[in-house]
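One structure below.
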Amino acid sequence: MVAQNKSQRTDSLVPGEFSLTMADFRQVAKVLSDEAGIFLSEEKISLVYSRLSKRLRKLGFSNFSDYCEFVKGDAGIEERRNMINALTTNVTRFFREPHHFELLTESALPSLLAEAKKGRRVRIWSAACSSGEEPYSIAMTVLSMLPNAASYDIKILATDIDQDILNRASHGVYRERDLSAVPKADKLKYFNKVGRSGDEWQVNASLKELITFGQLNLIKPWPMNGDFDVIFCRNVVIYFEEATQQKLWSRFHDVLSPEGWLMIGHSERITGPSEAAFKCVGSTSYKLTSATHL
């Protein structure tokens, strides 16, 4: 779609190719808050300009006002998704915050995998999985303790709001430098070299068969049934306002199994009504102590 050009506005917040007024910024912030629960402070004006300028250029808009009007309308439904994807940050790596994986190995998984051998279902959720490094790290951890885990009812759900990043995650191709934290033996065991450059590795079936990828917006209704034994939701809630954070902690509480585990980001803390229902068992690691719905 190409909009008619308008002259550059003198009240633009950022000098440059496109006019971005405070009214435009607030409209972008409202969409991001309404659709994804993310709070966008005025400190992010330059970020909004730089991230969305590519979208304006691609669609042929000359200013943010016209772009915002388009995004608000029925024809802009797909662009709203593109806008949210452009403004959200996907920073991850294999075995990020390794203390969580140590806790998984030493405390959470031994009893869960023992129960799985007796026929119990085990469910782990990587919420906001980004490009896949987190769920694949979880799968490697599971397989290191139970090589035939796929023979049991053990599943990892990996979700993200961004469908494009999910496509990358499910494809599972990474460069050599991305695998620096993966032990060499595991790299050779769980990844296959692909491409002509000699620098790309693709996740093999042994990891993929444990994981189901799906698009999910954390602030919208969740379609999942059943309890989760472990939930990873790291460095996501920090972008939400306090009320949204507290609501999300309560929702995680309600879908955790009794004595379930919750791993959160290094700068995040459980607050609000859910705080009393969790026991801190390590750095940014929590265990459910009360399964009563909040």
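Ligands are numbered from 1 in the order shown, residues from 1 within each chain, and chains are lettered A, B, ... in the order they appear in the structure tokens.
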List the spatial neighbours of Thr105 of chain A as a PDB file with C-alpha atoms, in the first residue's frame - criterion: any atom at most 8 Å away, only C-alpha atoms, same-chain residues fewer than 6 positions off excluded.
```pdb
ATOM      1  CA  THR A 141      19.062 -30.985  29.375  1.00  0.00           C
ATOM      2  CA  VAL A 142      16.217 -33.499  29.423  1.00  0.00           C
ATOM      3  CA  MET A 145      19.334 -37.253  31.842  1.00  0.00           C
TER       4      MET A 145
END
```
| Test item: residues at most 12 Å from Ser111 of chain A, only C-alpha atoms, excluding those fewer than 4 positions along its chain, as a ChimeraX atom specification | /A:104-107,115-118,120,122,145-146,229,259-260
Just C-alpha atoms for this one: save the residues we selected as a PDB file, in the first residue's frame.
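New file result-v1.pdb:
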```pdb
ATOM      1  CA  LEU A 104      16.609 -28.132  36.274  1.00  0.00           C
ATOM      2  CA  THR A 105      19.243 -30.894  36.309  1.00  0.00           C
ATOM      3  CA  GLU A 106      19.801 -31.111  40.050  1.00  0.00           C
ATOM      4  CA  SER A 107      16.359 -30.410  41.513  1.00  0.00           C
ATOM      5  CA  GLU A 115       7.560 -40.143  37.422  1.00  0.00           C
ATOM      6  CA  ALA A 116       7.559 -40.060  33.617  1.00  0.00           C
ATOM      7  CA  LYS A 117       9.022 -43.565  33.600  1.00  0.00           C
ATOM      8  CA  LYS A 118       5.977 -44.645  35.628  1.00  0.00           C
ATOM      9  CA  ARG A 120       3.103 -39.655  34.354  1.00  0.00           C
ATOM     10  CA  VAL A 122       5.601 -34.122  32.115  1.00  0.00           C
ATOM     11  CA  MET A 145      19.334 -37.253  31.842  1.00  0.00           C
ATOM     12  CA  LEU A 146      16.925 -39.456  29.884  1.00  0.00           C
ATOM     13  CA  ASP A 229       5.622 -28.815  35.733  1.00  0.00           C
ATOM     14  CA  GLU A 259       5.053 -27.888  43.465  1.00  0.00           C
ATOM     15  CA  GLY A 260       5.715 -26.685  39.906  1.00  0.00           C
TER      16      GLY A 260
END
```
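The space separating atom CA of Phe191 of chain A from atom CA of Asp153 of chain A comes to 23.3 Å.
Note that the spacing between atom CA of Asp24 of chain A and atom CA of Asp11 of chain A amounts to 11.0 Å.
Here the DSSP assignment of strand (DSSP E or B), based on backbone atoms, applies within segment 53-210 of chain A to Asn63, Val122, Arg123, Ile124, Trp125, Ser126, Ala127, Ile154, Lys155, Ile156, Leu157, Ala158, Thr159, Asp160, Val173, Tyr174, Arg175, Phe191, Asn192, Lys193, Val194, Glu200, Trp201, Gln202 and Val203 of chain A.
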Restricting it to N, CA and C atoms, dump the selection as a PDB file, in the first residue's frame.
```
ATOM      1  N   ASN A  63       4.945   9.620   6.573  1.00  0.00           N
ATOM      2  CA  ASN A  63       4.910  10.094   7.953  1.00  0.00           C
ATOM      3  C   ASN A  63       4.202   9.071   8.827  1.00  0.00           C
ATOM      4  N   VAL A 122       4.728 -35.217  31.689  1.00  0.00           N
ATOM      5  CA  VAL A 122       5.601 -34.122  32.115  1.00  0.00           C
ATOM      6  C   VAL A 122       5.528 -33.038  31.055  1.00  0.00           C
ATOM      7  N   ARG A 123       5.243 -31.814  31.485  1.00  0.00           N
ATOM      8  CA  ARG A 123       5.108 -30.697  30.559  1.00  0.00           C
ATOM      9  C   ARG A 123       5.968 -29.516  31.016  1.00  0.00           C
ATOM     10  N   ILE A 124       6.751 -29.011  30.074  1.00  0.00           N
ATOM     11  CA  ILE A 124       7.601 -27.847  30.315  1.00  0.00           C
ATOM     12  C   ILE A 124       7.228 -26.785  29.288  1.00  0.00           C
ATOM     13  N   TRP A 125       7.104 -25.554  29.730  1.00  0.00           N
ATOM     14  CA  TRP A 125       6.697 -24.457  28.848  1.00  0.00           C
ATOM     15  C   TRP A 125       7.806 -23.415  28.764  1.00  0.00           C
ATOM     16  N   SER A 126       8.251 -23.163  27.560  1.00  0.00           N
ATOM     17  CA  SER A 126       9.161 -22.051  27.273  1.00  0.00           C
ATOM     18  C   SER A 126       8.306 -20.919  26.723  1.00  0.00           C
ATOM     19  N   ALA A 127       7.893 -20.018  27.615  1.00  0.00           N
ATOM     20  CA  ALA A 127       7.051 -18.889  27.212  1.00  0.00           C
ATOM     21  C   ALA A 127       7.961 -17.774  26.699  1.00  0.00           C
ATOM     22  N   ILE A 154       6.602 -36.865  27.602  1.00  0.00           N
ATOM     23  CA  ILE A 154       7.373 -35.671  27.986  1.00  0.00           C
ATOM     24  C   ILE A 154       7.342 -34.703  26.811  1.00  0.00           C
ATOM     25  N   LYS A 155       6.832 -33.500  27.028  1.00  0.00           N
ATOM     26  CA  LYS A 155       6.730 -32.525  25.956  1.00  0.00           C
ATOM     27  C   LYS A 155       7.163 -31.139  26.433  1.00  0.00           C
ATOM     28  N   ILE A 156       7.748 -30.404  25.528  1.00  0.00           N
ATOM     29  CA  ILE A 156       8.136 -29.011  25.776  1.00  0.00           C
ATOM     30  C   ILE A 156       7.312 -28.140  24.837  1.00  0.00           C
ATOM     31  N   LEU A 157       6.552 -27.224  25.404  1.00  0.00           N
ATOM     32  CA  LEU A 157       5.801 -26.257  24.603  1.00  0.00           C
ATOM     33  C   LEU A 157       6.633 -24.983  24.492  1.00  0.00           C
ATOM     34  N   ALA A 158       6.839 -24.512  23.276  1.00  0.00           N
ATOM     35  CA  ALA A 158       7.615 -23.291  23.035  1.00  0.00           C
ATOM     36  C   ALA A 158       6.737 -22.283  22.310  1.00  0.00           C
ATOM     37  N   THR A 159       6.475 -21.141  22.944  1.00  0.00           N
ATOM     38  CA  THR A 159       5.572 -20.154  22.356  1.00  0.00           C
ATOM     39  C   THR A 159       6.222 -18.782  22.288  1.00  0.00           C
ATOM     40  N   ASP A 160       5.708 -17.980  21.374  1.00  0.00           N
ATOM     41  CA  ASP A 160       6.147 -16.591  21.242  1.00  0.00           C
ATOM     42  C   ASP A 160       5.051 -15.828  20.514  1.00  0.00           C
ATOM     43  N   VAL A 173      18.047 -23.466  12.586  1.00  0.00           N
ATOM     44  CA  VAL A 173      19.373 -23.328  11.975  1.00  0.00           C
ATOM     45  C   VAL A 173      20.132 -22.208  12.686  1.00  0.00           C
ATOM     46  N   TYR A 174      21.371 -22.513  13.107  1.00  0.00           N
ATOM     47  CA  TYR A 174      22.174 -21.558  13.855  1.00  0.00           C
ATOM     48  C   TYR A 174      23.600 -21.534  13.306  1.00  0.00           C
ATOM     49  N   ARG A 175      24.231 -20.380  13.482  1.00  0.00           N
ATOM     50  CA  ARG A 175      25.624 -20.250  13.056  1.00  0.00           C
ATOM     51  C   ARG A 175      26.557 -20.789  14.134  1.00  0.00           C
ATOM     52  N   PHE A 191      23.042 -31.613  16.452  1.00  0.00           N
ATOM     53  CA  PHE A 191      23.001 -30.684  15.320  1.00  0.00           C
ATOM     54  C   PHE A 191      23.700 -31.304  14.119  1.00  0.00           C
ATOM     55  N   ASN A 192      23.181 -30.983  12.940  1.00  0.00           N
ATOM     56  CA  ASN A 192      23.791 -31.421  11.690  1.00  0.00           C
ATOM     57  C   ASN A 192      24.288 -30.215  10.913  1.00  0.00           C
ATOM     58  N   LYS A 193      25.456 -30.330  10.344  1.00  0.00           N
ATOM     59  CA  LYS A 193      25.998 -29.236   9.545  1.00  0.00           C
ATOM     60  C   LYS A 193      25.201 -29.116   8.250  1.00  0.00           C
ATOM     61  N   VAL A 194      24.807 -27.887   7.904  1.00  0.00           N
ATOM     62  CA  VAL A 194      24.013 -27.658   6.698  1.00  0.00           C
ATOM     63  C   VAL A 194      24.584 -26.461   5.942  1.00  0.00           C
ATOM     64  N   GLU A 200      26.923 -23.243   9.369  1.00  0.00           N
ATOM     65  CA  GLU A 200      25.542 -23.390   9.820  1.00  0.00           C
ATOM     66  C   GLU A 200      25.275 -24.810  10.305  1.00  0.00           C
ATOM     67  N   TRP A 201      24.512 -24.876  11.400  1.00  0.00           N
ATOM     68  CA  TRP A 201      24.136 -26.150  12.006  1.00  0.00           C
ATOM     69  C   TRP A 201      22.631 -26.165  12.228  1.00  0.00           C
ATOM     70  N   GLN A 202      21.995 -27.300  11.934  1.00  0.00           N
ATOM     71  CA  GLN A 202      20.547 -27.421  12.124  1.00  0.00           C
ATOM     72  C   GLN A 202      20.229 -28.466  13.187  1.00  0.00           C
ATOM     73  N   VAL A 203      19.278 -28.102  14.045  1.00  0.00           N
ATOM     74  CA  VAL A 203      18.820 -29.016  15.082  1.00  0.00           C
ATOM     75  C   VAL A 203      18.280 -30.296  14.444  1.00  0.00           C
TER      76      VAL A 203
END
```
